[in-house]
file model29.cif (mmCIF, C-alpha atoms and all ligand atoms)
data_query
loop_
_atom_site.label_atom_id
_atom_site.label_comp_id
_atom_site.auth_asym_id
_atom_site.auth_seq_id
_atom_site.Cartn_x
_atom_site.Cartn_y
_atom_site.Cartn_z
CA LEU A 141 54.19 39.73 98.04
CA GLU A 142 52.16 42.86 97.31
CA GLN A 143 55.13 44.94 98.43
CA MET A 144 57.46 42.94 96.21
CA THR A 145 55.20 43.33 93.19
CA ALA A 146 55.06 47.08 93.78
CA ALA A 147 58.84 47.21 93.98
CA PHE A 148 59.18 45.31 90.70
CA ASP A 149 56.66 47.59 89.00
CA ARG A 150 58.67 50.59 90.12
CA MET A 151 61.83 48.94 88.84
CA ASN A 152 60.24 48.34 85.44
CA MET A 153 58.95 51.88 85.32
CA VAL A 154 62.39 53.32 85.94
CA GLY A 155 63.80 51.02 83.31
CA SER A 156 61.44 51.93 80.52
CA MET A 157 61.08 55.65 81.26
CA ALA A 158 64.79 56.26 81.68
CA ALA A 159 65.53 54.22 78.57
CA THR A 160 63.16 56.41 76.55
CA VAL A 161 64.68 59.62 77.91
CA ALA A 162 68.20 58.34 77.29
CA HIS A 163 67.31 57.46 73.69
CA GLU A 164 65.80 60.87 73.05
CA ILE A 165 68.89 62.61 74.41
CA ARG A 166 71.18 60.60 72.16
CA ASN A 167 69.87 62.00 68.86
CA PRO A 168 70.51 65.71 69.53
CA LEU A 169 73.94 64.81 70.93
CA THR A 170 74.81 63.02 67.71
CA THR A 171 73.77 66.07 65.66
CA VAL A 172 75.84 68.43 67.81
CA ARG A 173 78.85 66.13 67.62
CA GLY A 174 78.62 65.96 63.84
CA TYR A 175 78.53 69.75 63.39
CA LEU A 176 81.38 70.21 65.86
CA GLN A 177 83.50 67.94 63.68
CA VAL A 178 82.60 69.99 60.62
CA LEU A 179 83.41 73.33 62.31
CA GLU A 180 86.63 71.96 63.79
CA ARG A 181 88.13 71.69 60.29
CA LYS A 182 87.40 75.33 59.35
CA GLU A 183 90.30 77.74 58.84
CA GLU A 184 89.07 80.30 61.37
CA TYR A 185 88.92 77.69 64.18
CA GLN A 186 92.42 76.27 63.75
CA THR A 187 93.58 77.99 66.95
CA ASP A 188 90.65 76.49 68.91
CA GLN A 189 91.43 72.83 68.33
CA ASP A 190 91.80 72.12 72.04
CA LYS A 191 88.31 73.49 72.74
CA PHE A 192 86.77 71.40 69.99
CA GLU A 193 88.56 68.34 71.27
CA LEU A 194 87.18 68.97 74.75
CA MET A 195 83.63 69.53 73.50
CA ILE A 196 83.66 66.32 71.48
CA GLU A 197 85.17 64.44 74.40
CA GLU A 198 82.43 65.69 76.70
CA ILE A 199 79.74 64.62 74.24
CA ASP A 200 81.34 61.19 74.08
CA ARG A 201 81.34 61.07 77.86
CA ALA A 202 77.64 61.90 77.98
CA ASN A 203 76.99 59.24 75.34
CA ASN A 204 78.88 56.70 77.42
CA ILE A 205 76.79 57.44 80.47
CA ILE A 206 73.65 56.96 78.41
CA ARG A 207 74.96 53.77 76.85
CA GLU A 208 75.86 52.38 80.26
CA TYR A 209 72.49 53.29 81.61
CA LEU A 210 70.66 51.78 78.65
CA SER A 211 72.58 48.55 78.98
CA LEU A 212 71.72 48.53 82.65
CA SER A 213 68.00 49.02 82.11
CA HIS A 214 67.73 46.48 79.29
CA GLU A 215 69.80 43.55 80.42
CA LYS A 216 68.35 41.13 82.89
CA PHE A 217 71.65 39.83 84.14
CA ALA A 218 74.90 41.52 84.96
CA ASN A 219 78.04 40.43 83.14
CA LEU A 220 79.79 39.03 86.19
CA LYS A 221 83.50 38.32 86.04
CA LYS A 222 86.03 37.59 88.75
CA CYS A 223 87.86 40.85 89.37
CA SER A 224 89.37 43.07 92.01
CA LEU A 225 87.01 45.55 93.64
CA ASN A 226 90.01 47.51 94.93
CA ASN A 227 91.37 47.90 91.38
CA ILE A 228 88.05 49.28 90.15
CA ILE A 229 88.00 51.79 93.02
CA GLU A 230 91.62 52.83 92.51
CA ALA A 231 91.13 53.35 88.78
CA LEU A 232 88.12 55.55 89.44
CA PHE A 233 89.68 57.48 92.30
CA PRO A 234 91.20 60.38 90.31
CA LEU A 235 87.76 61.10 88.83
CA ILE A 236 86.14 60.89 92.27
CA GLN A 237 88.79 63.17 93.74
CA ALA A 238 88.36 65.80 91.06
CA ASP A 239 84.60 65.72 91.52
CA ALA A 240 84.88 65.95 95.32
CA ASN A 241 87.61 68.59 95.49
CA SER A 242 85.57 71.01 93.42
CA SER A 243 82.93 70.76 96.20
CA LYS A 244 85.47 71.17 99.04
CA VAL A 245 85.12 67.52 99.90
CA TYR A 246 88.26 65.56 100.74
CA THR A 247 88.37 61.91 99.89
CA ALA A 248 90.34 59.05 101.37
CA LEU A 249 90.69 55.40 100.46
CA ASN A 250 91.07 52.67 103.04
CA LEU A 251 91.24 49.43 101.06
CA SER A 252 91.89 46.08 102.69
CA ASP A 253 93.20 42.96 101.08
CA ILE A 254 90.04 41.20 99.88
CA PRO A 255 89.68 38.30 97.44
CA GLU A 256 88.49 38.79 93.86
CA LEU A 257 84.72 39.03 93.54
CA LEU A 258 82.20 38.26 90.80
CA LEU A 259 81.51 41.76 89.50
CA ASP A 260 80.25 43.62 86.48
CA GLU A 261 82.90 46.33 86.33
CA ASN A 262 80.73 48.95 84.61
CA GLU A 263 77.93 48.47 87.06
CA ILE A 264 80.24 48.63 90.07
CA ARG A 265 81.70 51.88 88.76
CA GLN A 266 78.21 53.29 88.44
CA LEU A 267 77.25 52.07 91.92
CA LEU A 268 80.34 53.69 93.39
CA LEU A 269 79.88 56.97 91.53
CA ASN A 270 76.21 57.22 92.55
CA LEU A 271 76.97 56.63 96.24
CA VAL A 272 79.96 58.98 96.19
CA ARG A 273 77.88 61.68 94.46
CA ASN A 274 75.24 61.41 97.20
CA GLY A 275 77.95 61.66 99.84
CA ILE A 276 79.38 64.80 98.24
CA GLU A 277 75.91 66.33 97.87
CA ALA A 278 75.20 65.59 101.55
CA MET A 279 78.07 67.93 102.51
CA PRO A 280 77.26 71.27 100.83
CA SER A 281 79.85 73.10 102.91
CA GLY A 282 82.50 70.43 102.51
CA GLY A 283 83.82 67.58 104.63
CA ASN A 284 85.44 64.18 104.38
CA LEU A 285 84.38 61.23 102.34
CA VAL A 286 85.93 57.83 103.01
CA ILE A 287 85.74 54.78 100.79
CA ARG A 288 86.61 51.49 102.45
CA THR A 289 86.77 47.83 101.59
CA PHE A 290 87.03 45.14 104.23
CA LEU A 291 85.95 41.63 105.17
CA ALA A 292 83.13 41.06 107.65
CA ASP A 293 80.84 38.08 108.36
CA ASN A 294 82.33 36.15 105.45
CA LYS A 295 81.38 38.97 103.05
CA ALA A 296 83.41 41.56 101.20
CA VAL A 297 82.16 44.99 102.16
CA LEU A 298 82.39 48.29 100.30
CA SER A 299 81.52 51.34 102.37
CA ILE A 300 81.16 55.01 101.56
CA SER A 301 81.00 57.39 104.52
CA ASP A 302 80.15 61.07 104.55
CA GLN A 303 79.87 63.71 107.26
CA GLY A 304 76.54 65.09 106.11
CA ALA A 305 73.38 65.75 108.11
CA GLY A 306 72.13 62.16 107.80
CA ILE A 307 68.91 60.66 106.47
CA PRO A 308 65.76 61.17 108.57
CA PRO A 309 63.65 58.02 109.22
CA HIS A 310 60.69 59.18 107.09
CA ILE A 311 63.05 59.51 104.13
CA LEU A 312 64.83 56.19 104.76
CA ASP A 313 61.57 54.39 103.95
CA HIS A 314 61.52 55.85 100.43
CA LEU A 315 65.12 55.23 99.44
CA GLY A 316 65.39 53.29 96.21
CA THR A 317 61.97 54.40 94.99
CA PRO A 318 62.63 55.74 91.48
CA PHE A 319 62.30 59.51 91.19
CA PHE A 320 62.23 60.00 94.97
CA THR A 321 64.47 62.98 95.71
CA THR A 322 64.75 65.72 98.34
CA LYS A 323 67.07 67.79 96.13
CA PRO A 324 65.88 70.70 93.97
CA THR A 325 67.65 69.35 90.90
CA GLY A 326 67.87 65.69 91.90
CA THR A 327 66.70 62.89 89.62
CA GLY A 328 65.93 60.37 92.34
CA LEU A 329 67.41 57.68 90.11
CA GLY A 330 70.80 57.22 91.78
CA LEU A 331 69.78 54.85 94.55
CA ALA A 332 67.18 53.06 92.42
CA ILE A 333 70.02 52.17 90.06
CA CYS A 334 72.23 51.18 93.01
CA TYR A 335 69.57 48.79 94.30
CA GLN A 336 69.15 47.34 90.82
CA ILE A 337 72.91 46.82 90.56
CA THR A 338 73.26 45.21 93.98
CA HIS A 339 70.28 42.99 93.22
CA ARG A 340 72.03 41.77 90.05
CA HIS A 341 75.16 41.08 92.10
CA ASN A 342 73.32 39.21 94.79
CA ALA A 343 74.68 41.89 97.10
CA SER A 344 72.83 43.88 99.74
CA ILE A 345 72.90 47.44 101.00
CA LYS A 346 72.87 48.51 104.62
CA ILE A 347 72.68 52.13 105.75
CA ASP A 348 74.05 53.56 108.95
CA THR A 349 72.95 57.15 109.46
CA SER A 350 72.92 59.81 112.18
CA ASN A 351 72.96 63.59 112.25
CA THR A 352 76.75 63.52 111.94
CA GLY A 353 76.94 61.45 108.77
CA THR A 354 75.89 58.50 106.71
CA THR A 355 77.58 55.28 105.66
CA PHE A 356 76.32 53.08 102.85
CA PHE A 357 77.58 49.49 103.14
CA VAL A 358 77.43 47.10 100.19
CA TYR A 359 77.85 43.41 101.11
CA PHE A 360 79.17 41.06 98.42
CA SER A 361 79.33 37.29 98.78
CA LEU A 362 82.77 35.75 98.45
CA PRO A 363 83.06 33.47 95.42
CA THR A 364 83.40 29.78 96.21
CA PRO A 365 87.01 28.76 95.52
P1 LIG B 401 69.13 62.17 94.08
O1 LIG B 401 70.55 62.17 94.54
O2 LIG B 401 68.99 62.56 92.64
O3 LIG B 401 68.22 62.94 94.99
P2 LIG B 401 69.20 59.40 94.91
O4 LIG B 401 68.37 58.22 94.53
O5 LIG B 401 70.66 59.31 94.69
O6 LIG B 401 68.60 60.65 94.12
O7 LIG B 401 68.93 59.76 96.44
C1 LIG B 401 67.60 59.89 96.89
C2 LIG B 401 67.54 60.69 98.17
O8 LIG B 401 68.16 59.96 99.24
C3 LIG B 401 68.27 62.02 98.15
O9 LIG B 401 67.50 63.04 97.56
C4 LIG B 401 68.54 62.25 99.63
O10 LIG B 401 67.40 62.78 100.27
C5 LIG B 401 68.75 60.84 100.17
N1 LIG B 401 70.17 60.50 100.32
C6 LIG B 401 70.86 59.62 99.57
N2 LIG B 401 72.13 59.52 99.99
C7 LIG B 401 72.27 60.36 101.03
C8 LIG B 401 73.35 60.72 101.91
N3 LIG B 401 74.58 60.18 101.78
N4 LIG B 401 73.10 61.62 102.89
C9 LIG B 401 71.88 62.16 103.03
N5 LIG B 401 70.81 61.87 102.25
C10 LIG B 401 71.00 60.98 101.25
MG MG B 402 71.98 60.78 93.88
#
call {"tool": "encode", "arguments": {"input": "model29.cif", "output": "structure tokens", "more": "lines below"}}
Ligand code: ADP
Ligand code: MG
result
Amino acid sequence: LEQMTAAFDRMNMVGSMAATVAHEIRNPLTTVRGYLQVLERKEEYQTDQDKFELMIEEIDRANNIIREYLSLSHEKFANLKKCSLNNIIEALFPLIQADANSSKVYTALNLSDIPELLLDENEIRQLLLNLVRNGIEAMPSGGNLVIRTFLADNKAVLSISDQGAGIPPHILDHLGTPFFTTKPTGTGLGLAICYQITHRHNASIKIDTSNTGTTFFVYFSLPTP
């Protein structure tokens, strides 16, 4: 029980601290976006419309990430709807590929026919992106990353495999602790968010790791027909 209480305290801490940071980042972004829109209309920038468009788009993207994160840290329950996990993965794949290819990581999908699951689409996208990002970062000199879905033990399973150096046992114990990171510029929030998301989905995470790579498995219950 003591361990559970500690875990919940950590969860609350990540929720409130990250929410504050996210809020504080939003205001300057709004200011920058506003002035970009003003400058965009000026005569001398008429040949730079594409650059302005891109800058505003990127600000909107950052705002979306913050909004998604805020909704995640505030809401107690996920907005679960019956939907296709494979469709979510396929829709996100071009983004994943672009991200991976710029780090010399090659990605493959291996999706099996699985039934629709009760999912919060935004949260599943975030879960996937966080695990993929870790996989890419585990292979600094490149490698292969494979995303799979399959059925096992009456569960639908999502797995993300990398060919990185693996996770040593003393680090495994700390995974999911907010702000725990071994990376110079890491936030240590990625897995904490993943655990929060899986918790909301009644799903569980299993990790298979060795010095030749790591696989994160996420087990989802099948909805009762
Ligand atoms: P961050 O990526 O910002 O460090 P995360 O919560 O995503 O934070 O991950 C926490 C730590 O877990 C990482 O710093 C790393 O040490 C370890 N880790 C997570 N995924 C992997 C992986 N696929 N391979 C090796 N180590 C990993
Ligand atoms: Mg991470």
call {"tool": "closest_residue", "arguments": {"input": "model29.cif", "among": "A:Thr349, A:Ser299, A:Thr322, A:Gln266", "to": "Gln336 in chain A", "atoms": "all atoms listed in the file"}}
result
A:Gln266
call {"tool": "closest_residue", "arguments": {"input": "model29.cif", "among": "A:Ser361, A:Asn351, A:Asn274, A:Gln303", "to": "ligand MG 402 (chain B)", "atoms": "all atoms listed in the file"}}
result
A:Asn274
call {"tool": "closest_atom_pairs", "arguments": {"input": "model29.cif", "of": "chain A", "to": "ligand LIG 401 (chain B)", "cutoff": "8 Å", "atoms": "all atoms listed in the file", "output": "Markdown table"}}
result
| residue | atom | partner | partner_atom | distance |
| --- | --- | --- | --- | --- |
| A:Asn270 | CA | B:LIG401 | O5 | 6.3 |
| A:Leu271 | CA | B:LIG401 | N2 | 6.8 |
| A:Val272 | CA | B:LIG401 | N3 | 7.9 |
| A:Arg273 | CA | B:LIG401 | O1 | 7.3 |
| A:Asn274 | CA | B:LIG401 | N2 | 4.6 |
| A:Gly275 | CA | B:LIG401 | N3 | 4.2 |
| A:Ile276 | CA | B:LIG401 | N3 | 7.5 |
| A:Glu277 | CA | B:LIG401 | C8 | 7.4 |
| A:Ala278 | CA | B:LIG401 | N4 | 4.7 |
| A:Ser301 | CA | B:LIG401 | N3 | 7.5 |
| A:Asp302 | CA | B:LIG401 | N3 | 6.3 |
| A:Gly304 | CA | B:LIG401 | N4 | 5.9 |
| A:Ala305 | CA | B:LIG401 | C9 | 6.4 |
| A:Gly306 | CA | B:LIG401 | C9 | 4.8 |
| A:Ile307 | CA | B:LIG401 | N5 | 4.8 |
| A:Ile311 | CA | B:LIG401 | O10 | 6.7 |
| A:Leu312 | CA | B:LIG401 | O8 | 7.5 |
| A:His314 | CA | B:LIG401 | O8 | 7.9 |
| A:Leu315 | CA | B:LIG401 | O8 | 5.6 |
| A:Gly316 | CA | B:LIG401 | O4 | 6.0 |
| A:Thr317 | CA | B:LIG401 | O4 | 7.5 |
| A:Pro318 | CA | B:LIG401 | O4 | 7.0 |
| A:Phe319 | CA | B:LIG401 | O6 | 7.0 |
| A:Phe320 | CA | B:LIG401 | C1 | 5.7 |
| A:Thr321 | CA | B:LIG401 | O9 | 3.6 |
| A:Thr322 | CA | B:LIG401 | O9 | 3.9 |
| A:Lys323 | CA | B:LIG401 | O9 | 5.0 |
| A:Thr325 | CA | B:LIG401 | O2 | 7.1 |
| A:Gly326 | CA | B:LIG401 | O2 | 3.4 |
| A:Thr327 | CA | B:LIG401 | O2 | 3.8 |
| A:Gly328 | CA | B:LIG401 | O6 | 3.2 |
| A:Leu329 | CA | B:LIG401 | O4 | 4.6 |
| A:Gly330 | CA | B:LIG401 | O5 | 3.6 |
| A:Leu331 | CA | B:LIG401 | O4 | 3.7 |
| A:Ala332 | CA | B:LIG401 | O4 | 5.7 |
| A:Ile333 | CA | B:LIG401 | O4 | 7.7 |
| A:Thr349 | CA | B:LIG401 | N4 | 7.9 |
| A:Gly353 | CA | B:LIG401 | N4 | 7.0 |
| A:Thr354 | CA | B:LIG401 | N3 | 5.4 |
| A:Thr355 | CA | B:LIG401 | N3 | 6.9 |
| A:Phe356 | CA | B:LIG401 | N3 | 7.4 |
call {"tool": "closest_residue", "arguments": {"input": "model29.cif", "among": "A:Pro363, A:Leu257, A:Thr352, A:Ile264", "to": "Ala231 in chain A", "atoms": "only C-alpha atoms"}}
result
A:Ile264
call {"tool": "atom_distance", "arguments": {"input": "model29.cif", "atom1": "CA of Ser224 in chain A", "atom2": "CA of Leu258 in chain A"}}
result
8.7 Å
call {"tool": "atom_distance", "arguments": {"input": "model29.cif", "atom1": "CA of Leu269 in chain A", "atom2": "CA of Arg340 in chain A"}}
result
17.2 Å
call {"tool": "residues_around", "arguments": {"input": "model29.cif", "residues": "Asp260 in chain A", "least_positions_apart": "2", "cutoff": "10 Å", "atoms": "all atoms listed in the file", "output": "JSON list (two decimals) with C-alpha atoms, keeping the file's coordinate frame"}}
result
[["chain", "number", "residue", "atom", "x", "y", "z"],
["A", 217, "PHE", "CA", 71.65, 39.83, 84.14],
["A", 218, "ALA", "CA", 74.90, 41.52, 84.96],
["A", 219, "ASN", "CA", 78.04, 40.43, 83.14],
["A", 220, "LEU", "CA", 79.79, 39.03, 86.19],
["A", 221, "LYS", "CA", 83.50, 38.32, 86.04],
["A", 222, "LYS", "CA", 86.03, 37.59, 88.75],
["A", 223, "CYS", "CA", 87.86, 40.85, 89.37],
["A", 257, "LEU", "CA", 84.72, 39.03, 93.54],
["A", 258, "LEU", "CA", 82.20, 38.26, 90.80],
["A", 262, "ASN", "CA", 80.73, 48.95, 84.61],
["A", 263, "GLU", "CA", 77.93, 48.47, 87.06],
["A", 264, "ILE", "CA", 80.24, 48.63, 90.07],
["A", 265, "ARG", "CA", 81.70, 51.88, 88.76],
["A", 337, "ILE", "CA", 72.91, 46.82, 90.56],
["A", 340, "ARG", "CA", 72.03, 41.77, 90.05],
["A", 341, "HIS", "CA", 75.16, 41.08, 92.10]]
call {"tool": "closest_residue", "arguments": {"input": "model29.cif", "among": "A:Pro365, A:Pro309, A:Pro168, A:Pro324", "to": "ligand MG 402 (chain B)", "atoms": "all atoms listed in the file"}}
result
A:Pro324
call {"tool": "closest_residue", "arguments": {"input": "model29.cif", "among": "A:Asn250, A:Arg288, A:Pro255, A:Cys334", "to": "ligand MG 402 (chain B)", "atoms": "all atoms listed in the file"}}
result
A:Cys334
call {"tool": "atom_distance", "arguments": {"input": "model29.cif", "atom1": "CA of Arg181 in chain A", "atom2": "CA of Met195 in chain A"}}
result
14.1 Å
call {"tool": "closest_residue", "arguments": {"input": "model29.cif", "among": "A:Ile196, A:Glu184, A:Leu267, A:Asp239", "to": "ligand MG 402 (chain B)", "atoms": "all atoms listed in the file"}}
result
A:Leu267
call {"tool": "decode", "arguments": {"input": "model29.cif", "residues": "range 248-288 of chain A", "atoms": "C-alpha atoms", "output": "CSV table (one decimal), in the first residue's frame"}}
result
chain,number,residue,atom,x,y,z
A,248,ALA,CA,8.2,-1.4,-40.3
A,249,LEU,CA,4.6,-2.2,-39.5
A,250,ASN,CA,3.4,-5.7,-38.8
A,251,LEU,CA,-0.3,-5.4,-38.0
A,252,SER,CA,-2.6,-8.4,-37.5
A,253,ASP,CA,-6.3,-8.5,-37.8
A,254,ILE,CA,-7.5,-7.6,-34.3
A,255,PRO,CA,-11.0,-6.6,-33.1
A,256,GLU,CA,-11.9,-3.0,-32.3
A,257,LEU,CA,-10.9,-1.9,-28.8
A,258,LEU,CA,-12.1,0.6,-26.3
A,259,LEU,CA,-9.5,3.4,-26.8
A,260,ASP,CA,-9.0,7.1,-26.4
A,261,GLU,CA,-7.5,7.9,-29.8
A,262,ASN,CA,-5.5,10.9,-28.6
A,263,GLU,CA,-4.0,9.1,-25.7
A,264,ILE,CA,-3.1,6.0,-27.8
A,265,ARG,CA,-1.4,8.3,-30.3
A,266,GLN,CA,0.6,9.8,-27.5
A,267,LEU,CA,1.4,6.4,-26.0
A,268,LEU,CA,2.7,5.2,-29.4
A,269,LEU,CA,4.7,8.3,-30.1
A,270,ASN,CA,6.4,8.2,-26.7
A,271,LEU,CA,7.4,4.6,-27.1
A,272,VAL,CA,8.5,5.1,-30.7
A,273,ARG,CA,10.6,8.1,-29.6
A,274,ASN,CA,12.3,6.1,-26.9
A,275,GLY,CA,13.0,3.3,-29.5
A,276,ILE,CA,14.6,5.8,-31.9
A,277,GLU,CA,16.6,7.4,-29.1
A,278,ALA,CA,17.9,4.0,-28.1
A,279,MET,CA,19.5,3.6,-31.5
A,280,PRO,CA,21.8,6.6,-31.9
A,281,SER,CA,23.6,5.1,-34.8
A,282,GLY,CA,20.4,3.8,-36.5
A,283,GLY,CA,18.7,0.5,-36.7
A,284,ASN,CA,15.2,-1.0,-37.2
A,285,LEU,CA,12.1,-0.3,-35.3
A,286,VAL,CA,9.1,-2.6,-35.6
A,287,ILE,CA,5.5,-1.9,-34.6
A,288,ARG,CA,3.3,-4.9,-34.3
